[in-house]
Amino acid sequence: MKPTHIEHIGIAVENLDEAIKYYENILGLKCYAIEEVKDQKVKTAFFMIGQTKIELLEATETDSPIGKFIEKKGQGLHHLAFAFDDVDSALKSAGEKEIRLIDKESRPGAEGLKIGFLHPKSTFGVLTEFCGKK
Ligand code: ZN
């Protein structure tokens, strides 16, 4: 089982509107969706480049995964998301290979995708997301 492509790159930002301006005005990309994921206390903005997206993440509350990340490390690269045809089997398979999973089973993420995270301690420092349609 291997990923089909890099689905998106997640970037933590303090101010979504300011960050969107950079991606639109300097890089010439178009923000095609803004979505709040209540579960994660985060507001996301998406840009498409080829088949890969940039996902900007702004915390809606300081006591949230992105809020804590920014408090500790500041803004910047947050996670890398690989697309899989079957997210749950990919997570299961990684778990069987002694990878520490944050999510043993997938949960709903932005854009109606199923998502699950691998712990950065098991992935050489990169918070890794598996995601896909099923
Ligand atoms: Zn993500």
# chains A, B, ... in the order shown; residues from 1 in each chain; ligands from 1
$ select_by_dssp --residues "stretch 73-128 of chain A" --states "alpha helix (DSSP H)" --output "list in words"
Lys73, Val87, Asp88, Ser89, Ala90, Leu91, Lys92, Ser93, Ala94, Gly95 and Glu96 of chain A
$ closest_atom_pairs --of "stretch 64-107 of chain A" --to "stretch 126-134 of chain A" --cutoff "6 Å" --atoms "only C-alpha atoms" --output "tab-separated table"
residue	atom	partner	partner_atom	distance
A:His79	CA	A:Leu127	CA	4.8
A:Leu80	CA	A:Thr128	CA	5.1
A:Ala81	CA	A:Glu129	CA	4.4
A:Phe82	CA	A:Phe130	CA	5.1
A:Ala83	CA	A:Cys131	CA	5.0
A:Phe84	CA	A:Gly132	CA	5.3
A:Asp85	CA	A:Gly132	CA	6.0
A:Asp86	CA	A:Lys134	CA	5.5
A:Val87	CA	A:Cys131	CA	5.7
$ write_last_selection --atoms "N, CA, C and O atoms" --output "compact mmCIF listing (two decimals), in the first residue's frame"
# COMPACT_ATOMS: atom_id res chain seq x y z
N HIS A 79 2.07 20.12 8.74
CA HIS A 79 2.00 18.68 8.43
C HIS A 79 2.00 18.42 6.93
O HIS A 79 1.77 19.32 6.13
N LEU A 80 2.28 17.15 6.62
CA LEU A 80 2.33 16.69 5.24
C LEU A 80 1.27 15.62 5.09
O LEU A 80 1.21 14.70 5.92
N ALA A 81 0.42 15.74 4.08
CA ALA A 81 -0.68 14.78 3.92
C ALA A 81 -0.52 13.95 2.65
O ALA A 81 -0.40 14.49 1.55
N PHE A 82 -0.51 12.65 2.83
CA PHE A 82 -0.43 11.71 1.71
C PHE A 82 -1.82 11.19 1.38
O PHE A 82 -2.59 10.85 2.30
N ALA A 83 -2.13 11.10 0.10
CA ALA A 83 -3.42 10.55 -0.33
C ALA A 83 -3.32 9.04 -0.46
O ALA A 83 -2.37 8.51 -1.05
N PHE A 84 -4.31 8.36 0.10
CA PHE A 84 -4.40 6.91 -0.03
C PHE A 84 -5.78 6.54 -0.56
O PHE A 84 -6.76 7.25 -0.31
N ASP A 85 -5.85 5.44 -1.28
CA ASP A 85 -7.15 4.97 -1.75
C ASP A 85 -7.99 4.49 -0.58
O ASP A 85 -9.20 4.65 -0.57
N ASP A 86 -7.34 3.88 0.40
CA ASP A 86 -8.07 3.37 1.56
C ASP A 86 -7.34 3.81 2.85
O ASP A 86 -6.34 3.21 3.24
N VAL A 87 -7.83 4.87 3.44
CA VAL A 87 -7.15 5.49 4.58
C VAL A 87 -7.05 4.54 5.78
O VAL A 87 -6.00 4.41 6.40
$ closest_residue --among "A:Lys97, A:Lys121, A:His8, A:Lys41" --to "ligand 1" --atoms "only C-alpha atoms and all ligand atoms"
A:His8
$ closest_residue --among "A:Ala12, A:Leu113, A:Lys38, A:Tyr23" --to "A:Lys72" --atoms "only C-alpha atoms"
A:Ala12
$ closest_residue --among "A:Leu27, A:Ala110, A:Leu16, A:Met48" --to "ligand 1" --atoms "only C-alpha atoms and all ligand atoms"
A:Ala110
$ atom_distance --atom1 "atom CA of A:Lys30" --atom2 "atom CA of A:Pro108"
24.6 Å
$ closest_residue --among "A:Tyr32, A:Val37, A:Tyr22, A:Ile54" --to "A:Ile6" --atoms "only C-alpha atoms"
A:Ile54
$ residues_around --residues "A:Ile99" --least-positions-apart "2" --cutoff "12 Å" --atoms "only C-alpha atoms" --output "PyMOL selection string"
chain A and resi 90-97+101-104+117-124+128
$ write_last_selection --atoms "N, CA and C atoms" --output "compact mmCIF listing (two decimals), in the first residue's frame"
# COMPACT_ATOMS: atom_id res chain seq x y z
N ALA A 90 -4.49 1.91 5.34
CA ALA A 90 -3.14 2.50 5.39
C ALA A 90 -2.73 2.76 6.84
N LEU A 91 -3.67 3.27 7.65
CA LEU A 91 -3.37 3.52 9.07
C LEU A 91 -3.09 2.21 9.80
N LYS A 92 -3.92 1.23 9.51
CA LYS A 92 -3.78 -0.07 10.16
C LYS A 92 -2.42 -0.68 9.83
N SER A 93 -2.08 -0.60 8.56
CA SER A 93 -0.83 -1.17 8.10
C SER A 93 0.38 -0.48 8.76
N ALA A 94 0.34 0.87 8.88
CA ALA A 94 1.42 1.60 9.55
C ALA A 94 1.49 1.19 11.02
N GLY A 95 0.33 1.08 11.65
CA GLY A 95 0.28 0.68 13.06
C GLY A 95 0.90 -0.69 13.28
N GLU A 96 0.65 -1.58 12.37
CA GLU A 96 1.22 -2.93 12.47
C GLU A 96 2.73 -2.92 12.33
N LYS A 97 3.25 -1.86 11.69
CA LYS A 97 4.71 -1.74 11.52
C LYS A 97 5.31 -0.88 12.61
N LEU A 101 0.53 5.89 16.13
CA LEU A 101 -0.59 6.56 15.46
C LEU A 101 -1.28 7.53 16.42
N ILE A 102 -1.61 8.71 15.93
CA ILE A 102 -2.44 9.63 16.71
C ILE A 102 -3.90 9.19 16.54
N ASP A 103 -4.23 8.76 15.32
CA ASP A 103 -5.57 8.23 15.04
C ASP A 103 -5.46 6.78 14.59
N LYS A 104 -6.00 5.89 15.38
CA LYS A 104 -5.97 4.48 14.98
C LYS A 104 -6.96 4.21 13.86
N PHE A 117 -3.85 10.82 11.61
CA PHE A 117 -2.48 11.33 11.77
C PHE A 117 -1.52 10.30 12.36
N LEU A 118 -0.27 10.38 11.93
CA LEU A 118 0.82 9.59 12.49
C LEU A 118 1.65 10.52 13.37
N HIS A 119 2.15 10.00 14.47
CA HIS A 119 2.90 10.83 15.40
C HIS A 119 4.28 11.19 14.85
N PRO A 120 4.67 12.48 14.95
CA PRO A 120 5.98 12.89 14.42
C PRO A 120 7.17 12.14 15.04
N LYS A 121 6.99 11.60 16.25
CA LYS A 121 8.09 10.84 16.86
C LYS A 121 8.41 9.59 16.06
N SER A 122 7.42 9.09 15.31
CA SER A 122 7.62 7.89 14.49
C SER A 122 7.93 8.20 13.04
N THR A 123 7.89 9.51 12.68
CA THR A 123 8.02 9.84 11.25
C THR A 123 9.12 10.87 11.01
N PHE A 124 10.17 10.78 11.81
CA PHE A 124 11.33 11.63 11.65
C PHE A 124 10.98 13.11 11.70
N THR A 128 2.48 13.64 10.11
CA THR A 128 2.05 13.06 8.84
C THR A 128 0.57 12.70 8.88
$ closest_residue --among "A:Leu29, A:Ala19, A:Val13, A:Leu77" --to "A:Gly50" --atoms "only C-alpha atoms"
A:Leu29
$ select_by_dssp --residues "stretch 46-118 of chain A" --states "strand (DSSP E)" --output "ChimeraX atom specification"
/A:46-49,52-59,76-83,107-108,114-118
$ closest_residue --among "A:Asn15, A:Asn25, A:Thr4, A:Thr52" --to "ligand 1" --atoms "only C-alpha atoms and all ligand atoms"
A:Thr52
$ atom_distance --atom1 "atom CA of A:Thr60" --atom2 "atom CA of A:Gln40"
8.8 Å
$ residues_around --residues "A:Cys31" --least-positions-apart "3" --cutoff "7 Å" --atoms "only C-alpha atoms" --output "ChimeraX atom specification"
/A:45-47
$ write_last_selection --atoms "all heavy atoms" --output "compact mmCIF listing (two decimals), in the first residue's frame"
# COMPACT_ATOMS: atom_id res chain seq x y z
N ALA A 45 -8.05 27.30 4.77
CA ALA A 45 -8.19 27.88 3.43
C ALA A 45 -7.38 27.03 2.47
O ALA A 45 -6.28 26.60 2.80
CB ALA A 45 -7.68 29.32 3.42
N PHE A 46 -7.95 26.77 1.30
CA PHE A 46 -7.32 25.86 0.34
C PHE A 46 -6.92 26.52 -0.97
O PHE A 46 -7.66 27.33 -1.51
CB PHE A 46 -8.27 24.71 0.02
CG PHE A 46 -8.46 23.75 1.16
CD1 PHE A 46 -9.54 23.88 2.01
CD2 PHE A 46 -7.56 22.73 1.37
CE1 PHE A 46 -9.73 23.00 3.06
CE2 PHE A 46 -7.73 21.84 2.41
CZ PHE A 46 -8.82 21.98 3.26
N PHE A 47 -5.75 26.08 -1.47
CA PHE A 47 -5.25 26.49 -2.77
C PHE A 47 -4.82 25.24 -3.50
O PHE A 47 -4.28 24.33 -2.88
CB PHE A 47 -4.01 27.40 -2.63
CG PHE A 47 -4.26 28.62 -1.80
CD1 PHE A 47 -4.17 28.55 -0.41
CD2 PHE A 47 -4.57 29.82 -2.40
CE1 PHE A 47 -4.40 29.67 0.37
CE2 PHE A 47 -4.80 30.95 -1.63
CZ PHE A 47 -4.72 30.88 -0.25
$ atom_distance --atom1 "atom CA of A:Lys73" --atom2 "atom CA of A:Gly109"
23.3 Å
$ residues_around --residues "A:Phe69" --least-positions-apart "4" --cutoff "12 Å" --atoms "only C-alpha atoms" --output "MDAnalysis selection string"
chainID A and resid 11:14 57:59 61:65 73:79 127
